[in-house]
file target_39.pdb (PDB, C-alpha atoms)
ATOM      1  CA  MET A  87     -94.485 -54.051-120.433  1.00  0.00           C
ATOM      2  CA  ALA A  88     -92.826 -52.759-123.608  1.00  0.00           C
ATOM      3  CA  PHE A  89     -91.026 -49.923-121.920  1.00  0.00           C
ATOM      4  CA  THR A  90     -90.141 -52.106-118.930  1.00  0.00           C
ATOM      5  CA  TYR A  91     -87.855 -54.252-121.075  1.00  0.00           C
ATOM      6  CA  GLY A  92     -86.615 -51.557-123.424  1.00  0.00           C
ATOM      7  CA  GLY A  93     -83.813 -49.240-122.379  1.00  0.00           C
ATOM      8  CA  LYS A  94     -80.720 -50.694-120.697  1.00  0.00           C
ATOM      9  CA  PHE A  95     -82.213 -54.191-120.458  1.00  0.00           C
ATOM     10  CA  GLU A  96     -82.704 -54.464-124.215  1.00  0.00           C
ATOM     11  CA  LYS A  97     -79.264 -52.967-124.850  1.00  0.00           C
ATOM     12  CA  HIS A  98     -77.590 -55.369-122.387  1.00  0.00           C
ATOM     13  CA  ILE A  99     -79.366 -58.430-123.836  1.00  0.00           C
ATOM     14  CA  ASN A 100     -78.344 -57.373-127.343  1.00  0.00           C
ATOM     15  CA  ASP A 101     -74.743 -57.025-126.213  1.00  0.00           C
ATOM     16  CA  LEU A 102     -74.803 -60.551-124.741  1.00  0.00           C
ATOM     17  CA  TYR A 103     -76.307 -61.916-127.973  1.00  0.00           C
ATOM     18  CA  SER A 104     -73.962 -59.893-130.225  1.00  0.00           C
ATOM     19  CA  PRO A 105     -71.452 -61.512-132.612  1.00  0.00           C
ATOM     20  CA  LYS A 106     -68.603 -60.887-130.160  1.00  0.00           C
ATOM     21  CA  ASN A 107     -70.443 -62.461-127.190  1.00  0.00           C
ATOM     22  CA  ILE A 108     -72.773 -65.120-128.627  1.00  0.00           C
ATOM     23  CA  GLN A 109     -70.339 -68.008-128.029  1.00  0.00           C
ATOM     24  CA  LYS A 110     -69.869 -67.053-124.371  1.00  0.00           C
ATOM     25  CA  THR A 111     -73.641 -66.630-123.959  1.00  0.00           C
ATOM     26  CA  ALA A 112     -74.223 -70.059-125.546  1.00  0.00           C
ATOM     27  CA  LYS A 113     -71.757 -71.557-123.057  1.00  0.00           C
ATOM     28  CA  THR A 114     -73.624 -69.900-120.162  1.00  0.00           C
ATOM     29  CA  PHE A 115     -76.853 -71.312-121.624  1.00  0.00           C
ATOM     30  CA  ALA A 116     -75.419 -74.860-121.785  1.00  0.00           C
ATOM     31  CA  GLU A 117     -74.275 -74.593-118.162  1.00  0.00           C
ATOM     32  CA  TYR A 118     -77.718 -73.334-117.163  1.00  0.00           C
ATOM     33  CA  GLU A 119     -79.482 -76.266-118.847  1.00  0.00           C
ATOM     34  CA  LYS A 120     -77.052 -78.747-117.318  1.00  0.00           C
ATOM     35  CA  LYS A 121     -77.892 -77.425-113.861  1.00  0.00           C
ATOM     36  CA  HIS A 122     -81.606 -76.560-114.234  1.00  0.00           C
ATOM     37  CA  GLY A 123     -82.892 -78.728-117.073  1.00  0.00           C
ATOM     38  CA  PRO A 124     -84.375 -77.620-120.394  1.00  0.00           C
ATOM     39  CA  TYR A 125     -84.788 -73.889-120.889  1.00  0.00           C
ATOM     40  CA  LYS A 126     -88.269 -72.383-121.031  1.00  0.00           C
ATOM     41  CA  PHE A 127     -88.752 -68.719-121.831  1.00  0.00           C
ATOM     42  CA  GLY A 128     -89.765 -66.740-118.754  1.00  0.00           C
ATOM     43  CA  GLN A 129     -87.975 -68.844-116.190  1.00  0.00           C
ATOM     44  CA  SER A 130     -84.794 -67.933-114.326  1.00  0.00           C
ATOM     45  CA  TYR A 131     -82.329 -68.120-117.249  1.00  0.00           C
ATOM     46  CA  THR A 132     -82.717 -64.429-118.061  1.00  0.00           C
ATOM     47  CA  LYS A 133     -81.891 -63.508-114.466  1.00  0.00           C
ATOM     48  CA  VAL A 134     -78.848 -65.804-114.604  1.00  0.00           C
ATOM     49  CA  LEU A 135     -77.769 -64.154-117.848  1.00  0.00           C
ATOM     50  CA  VAL A 136     -78.492 -60.633-116.540  1.00  0.00           C
ATOM     51  CA  PRO A 137     -77.913 -60.907-112.778  1.00  0.00           C
ATOM     52  CA  LYS A 138     -77.323 -57.227-111.975  1.00  0.00           C
ATOM     53  CA  THR A 139     -80.523 -55.328-111.248  1.00  0.00           C
ATOM     54  CA  GLU A 140     -79.101 -52.129-112.765  1.00  0.00           C
ATOM     55  CA  HIS A 141     -78.940 -53.849-116.172  1.00  0.00           C
ATOM     56  CA  TRP A 142     -82.737 -54.064-116.039  1.00  0.00           C
ATOM     57  CA  THR A 143     -83.165 -50.277-115.995  1.00  0.00           C
ATOM     58  CA  ASP A 144     -85.938 -49.223-118.343  1.00  0.00           C
ATOM     59  CA  GLU A 145     -86.413 -45.974-120.249  1.00  0.00           C
ATOM     60  CA  SER A 146     -87.878 -44.267-117.156  1.00  0.00           C
ATOM     61  CA  GLY A 147     -85.003 -45.375-114.878  1.00  0.00           C
ATOM     62  CA  SER A 148     -86.954 -48.098-113.070  1.00  0.00           C
ATOM     63  CA  THR A 149     -85.522 -51.561-112.361  1.00  0.00           C
ATOM     64  CA  LYS A 150     -88.927 -53.097-111.498  1.00  0.00           C
ATOM     65  CA  GLY A 151     -88.662 -55.384-114.534  1.00  0.00           C
ATOM     66  CA  HIS A 152     -86.153 -57.515-112.609  1.00  0.00           C
ATOM     67  CA  SER A 153     -88.519 -58.318-109.754  1.00  0.00           C
ATOM     68  CA  LYS A 154     -91.511 -58.705-112.079  1.00  0.00           C
ATOM     69  CA  TRP A 155     -89.787 -60.825-114.754  1.00  0.00           C
ATOM     70  CA  GLU A 156     -91.604 -64.080-114.017  1.00  0.00           C
ATOM     71  CA  LYS A 157     -95.018 -62.375-113.741  1.00  0.00           C
ATOM     72  CA  ASN A 158     -94.573 -60.204-116.832  1.00  0.00           C
ATOM     73  CA  SER A 159     -93.180 -63.009-118.986  1.00  0.00           C
ATOM     74  CA  GLY A 160     -95.981 -65.246-117.683  1.00  0.00           C
ATOM     75  CA  ASP A 161     -98.492 -62.722-119.047  1.00  0.00           C
ATOM     76  CA  ILE A 162     -97.239 -63.428-122.578  1.00  0.00           C
ATOM     77  CA  PRO A 163     -99.494 -65.991-124.281  1.00  0.00           C
ATOM     78  CA  VAL A 164     -98.233 -69.591-124.110  1.00  0.00           C
ATOM     79  CA  LYS A 165     -98.005 -69.863-127.909  1.00  0.00           C
ATOM     80  CA  ILE A 166     -95.575 -66.909-128.045  1.00  0.00           C
ATOM     81  CA  ARG A 167     -93.574 -68.107-125.010  1.00  0.00           C
ATOM     82  CA  ASN A 168     -93.241 -71.533-126.643  1.00  0.00           C
ATOM     83  CA  LYS A 169     -92.009 -69.968-129.887  1.00  0.00           C
ATOM     84  CA  LEU A 170     -89.442 -67.887-127.987  1.00  0.00           C
ATOM     85  CA  THR A 171     -88.323 -71.030-126.172  1.00  0.00           C
ATOM     86  CA  ARG A 172     -87.911 -72.975-129.433  1.00  0.00           C
ATOM     87  CA  VAL A 173     -86.033 -70.216-131.272  1.00  0.00           C
ATOM     88  CA  ILE A 174     -83.699 -69.238-128.424  1.00  0.00           C
ATOM     89  CA  ARG A 175     -83.012 -72.803-127.302  1.00  0.00           C
ATOM     90  CA  ALA A 176     -82.364 -74.156-130.808  1.00  0.00           C
ATOM     91  CA  ASN A 177     -80.020 -71.289-131.585  1.00  0.00           C
ATOM     92  CA  LEU A 178     -78.028 -71.367-128.342  1.00  0.00           C
ATOM     93  CA  ARG A 179     -77.690 -75.170-128.502  1.00  0.00           C
ATOM     94  CA  SER A 180     -76.460 -75.172-132.103  1.00  0.00           C
ATOM     95  CA  LYS A 181     -72.786 -75.680-132.988  1.00  0.00           C
ATOM     96  CA  LYS A 182     -72.678 -72.200-134.523  1.00  0.00           C
ATOM     97  CA  PRO A 183     -75.191 -69.999-132.724  1.00  0.00           C
ATOM     98  CA  LYS A 184     -76.241 -66.899-134.625  1.00  0.00           C
ATOM     99  CA  PRO A 185     -76.181 -63.505-132.977  1.00  0.00           C
ATOM    100  CA  MET A 186     -79.647 -62.391-131.923  1.00  0.00           C
ATOM    101  CA  VAL A 187     -81.199 -58.939-131.822  1.00  0.00           C
ATOM    102  CA  LEU A 188     -84.086 -58.167-129.483  1.00  0.00           C
ATOM    103  CA  LYS A 189     -86.429 -55.235-130.019  1.00  0.00           C
ATOM    104  CA  VAL A 190     -89.228 -54.669-127.535  1.00  0.00           C
ATOM    105  CA  GLY A 191     -92.035 -52.309-128.418  1.00  0.00           C
ATOM    106  CA  GLU A 192     -95.726 -51.637-128.246  1.00  0.00           C
ATOM    107  CA  ASN A 193     -98.213 -53.268-130.529  1.00  0.00           C
ATOM    108  CA  VAL A 194    -100.976 -51.335-132.311  1.00  0.00           C
ATOM    109  CA  ASP A 195    -103.608 -53.228-130.342  1.00  0.00           C
ATOM    110  CA  ALA A 196    -103.981 -54.780-126.880  1.00  0.00           C
ATOM    111  CA  ASN A 197    -102.241 -58.059-127.773  1.00  0.00           C
ATOM    112  CA  HIS A 198     -98.773 -59.529-127.550  1.00  0.00           C
ATOM    113  CA  ASP A 199     -97.107 -60.450-130.828  1.00  0.00           C
ATOM    114  CA  LEU A 200     -93.733 -61.799-131.882  1.00  0.00           C
ATOM    115  CA  HIS A 201     -91.940 -61.488-135.187  1.00  0.00           C
ATOM    116  CA  VAL A 202     -88.902 -63.685-135.772  1.00  0.00           C
ATOM    117  CA  LYS A 203     -86.739 -62.827-138.731  1.00  0.00           C
ATOM    118  CA  THR A 204     -83.379 -64.075-139.951  1.00  0.00           C
ATOM    119  CA  PHE A 205     -81.350 -61.331-141.581  1.00  0.00           C
ATOM    120  CA  ARG A 206     -77.793 -60.565-142.683  1.00  0.00           C
ATOM    121  CA  HIS A 207     -75.787 -57.781-141.106  1.00  0.00           C
ATOM    122  CA  LYS A 208     -72.109 -57.111-141.823  1.00  0.00           C
ATOM    123  CA  GLY A 209     -71.850 -60.427-143.640  1.00  0.00           C
ATOM    124  CA  GLN A 210     -73.255 -62.510-140.781  1.00  0.00           C
ATOM    125  CA  ASP A 211     -76.676 -64.106-140.300  1.00  0.00           C
ATOM    126  CA  HIS A 212     -78.608 -62.879-137.256  1.00  0.00           C
ATOM    127  CA  ILE A 213     -81.929 -63.798-135.686  1.00  0.00           C
ATOM    128  CA  GLY A 214     -84.213 -60.870-134.980  1.00  0.00           C
ATOM    129  CA  LEU A 215     -86.780 -61.133-132.204  1.00  0.00           C
ATOM    130  CA  HIS A 216     -89.312 -58.298-132.294  1.00  0.00           C
ATOM    131  CA  MET A 217     -91.517 -58.596-129.226  1.00  0.00           C
ATOM    132  CA  LEU A 218     -94.625 -56.424-129.317  1.00  0.00           C
ATOM    133  CA  CYS A 219     -96.425 -55.835-126.052  1.00  0.00           C
ATOM    134  CA  PRO A 220    -100.007 -54.597-125.554  1.00  0.00           C
ATOM    135  CA  ASN A 221    -100.458 -50.931-126.415  1.00  0.00           C
ATOM    136  CA  THR A 222    -100.528 -49.008-123.135  1.00  0.00           C
ATOM    137  CA  SER A 223    -102.676 -46.231-124.585  1.00  0.00           C
ATOM    138  CA  LEU A 224    -105.524 -48.729-125.018  1.00  0.00           C
ATOM    139  CA  LYS A 225    -105.693 -49.687-121.327  1.00  0.00           C
ATOM    140  CA  LYS A 226    -108.836 -48.596-119.495  1.00  0.00           C
TER     141      LYS A 226
END
call {"tool": "encode", "arguments": {"input": "target_39.pdb", "output": "structure tokens"}}
result
Amino acid sequence: MAFTYGGKFEKHINDLYSPKNIQKTAKTFAEYEKKHGPYKFGQSYTKVLVPKTEHWTDESGSTKGHSKWEKNSGDIPVKIRNKLTRVIRANLRSKKPKPMVLKVGENVDANHDLHVKTFRHKGQDHIGLHMLCPNTSLKK
């Protein structure tokens, strides 16, 4: 899954969550919640935010991540999905949402993991989301 959501998808998400676009993304988020109810990581919000299939292109050129979003995000343990929901929702609903940076990679073992870190870059606070997916070299 790590490589599925790396590449253009990761780059596009990071552009939407960048300092120049975070306010517009927060507005899109508010409109989404008004129409669909409270956000939960793994549901349709990501497809609303990134509607074009070509923006889901991974490092190998595949766009399969778009059609498999709900399944793949559903494979992430509930505890991690809930943490992503809390962090993303609280930030995008705040009066001054912070830019966010997503990094998707492989873990050292066969588990999912998430590291959330607040950091300063160019004088502005950001939220870093480092999503680690199961190590593909450990699959049988």
call {"tool": "residues_around", "arguments": {"input": "target_39.pdb", "residues": "segment 184-188 of chain A", "least_positions_apart": "4", "cutoff": "7 Å", "atoms": "all atoms listed in the file", "output": "PyMOL selection string"}}
result
chain A and resi 96+100+103-105+108+177+211-216
call {"tool": "atom_distance", "arguments": {"input": "target_39.pdb", "atom1": "atom CA of Leu135 of chain A", "atom2": "atom CA of Thr114 of chain A"}}
result
7.5 Å
call {"tool": "residues_near_point", "arguments": {"input": "target_39.pdb", "point": "(-100.2, -55.5, -123.0)", "cutoff": "6 Å", "atoms": "all atoms listed in the file", "output": "PyMOL selection string"}}
result
chain A and resi 196-197+219-221
call {"tool": "residues_around", "arguments": {"input": "target_39.pdb", "residues": "segment 139-142 of chain A", "least_positions_apart": "2", "cutoff": "6 Å", "atoms": "all atoms listed in the file", "output": "list of chain:residue names"}}
result
A:Lys94, A:Phe95, A:Thr149, A:His152
call {"tool": "write_last_selection", "arguments": {"input": "target_39.pdb", "atoms": "C-alpha atoms", "output": "PDB file, in the coordinates of the input"}}
result
ATOM      1  CA  LYS A  94     -80.720 -50.694-120.697  1.00  0.00           C
ATOM      2  CA  PHE A  95     -82.213 -54.191-120.458  1.00  0.00           C
ATOM      3  CA  THR A 149     -85.522 -51.561-112.361  1.00  0.00           C
ATOM      4  CA  HIS A 152     -86.153 -57.515-112.609  1.00  0.00           C
TER       5      HIS A 152
END
call {"tool": "closest_residue", "arguments": {"input": "target_39.pdb", "among": "A:Leu218, A:Val134, A:Val194, A:Ala112", "to": "Ala176 of chain A", "atoms": "all atoms listed in the file"}}
result
A:Ala112
call {"tool": "atom_distance", "arguments": {"input": "target_39.pdb", "atom1": "atom CA of Lys138 of chain A", "atom2": "atom CA of Leu170 of chain A"}}
result
22.7 Å
call {"tool": "closest_residue", "arguments": {"input": "target_39.pdb", "among": "A:Gly92, A:Gly209, A:Gly123, A:Gly128", "to": "Arg167 of chain A", "atoms": "all atoms listed in the file"}}
result
A:Gly128
call {"tool": "resolve_selection", "arguments": {"input": "target_39.pdb", "expression": "the PyMOL selection byres ((chain A and resi 169) around 12)", "output": "list in words"}}
result
Lys126, Phe127, Gly128, Ile162, Pro163, Val164, Lys165, Ile166, Arg167, Asn168, Leu170, Thr171, Arg172, Val173, Ile174, Arg175, Ala176, Asp199, Leu200, His201, Val202, Leu215 and Met217 of chain A
call {"tool": "resolve_selection", "arguments": {"input": "target_39.pdb", "expression": "the PyMOL selection byres ((chain A and resi 129) around 9)", "output": "PyMOL selection string"}}
result
chain A and resi 125-128+130-133+155-156+159-160
call {"tool": "closest_residue", "arguments": {"input": "target_39.pdb", "among": "A:Asn193, A:Ser153, A:Thr143, A:Thr204", "to": "Thr222 of chain A", "atoms": "all atoms listed in the file"}}
result
A:Asn193
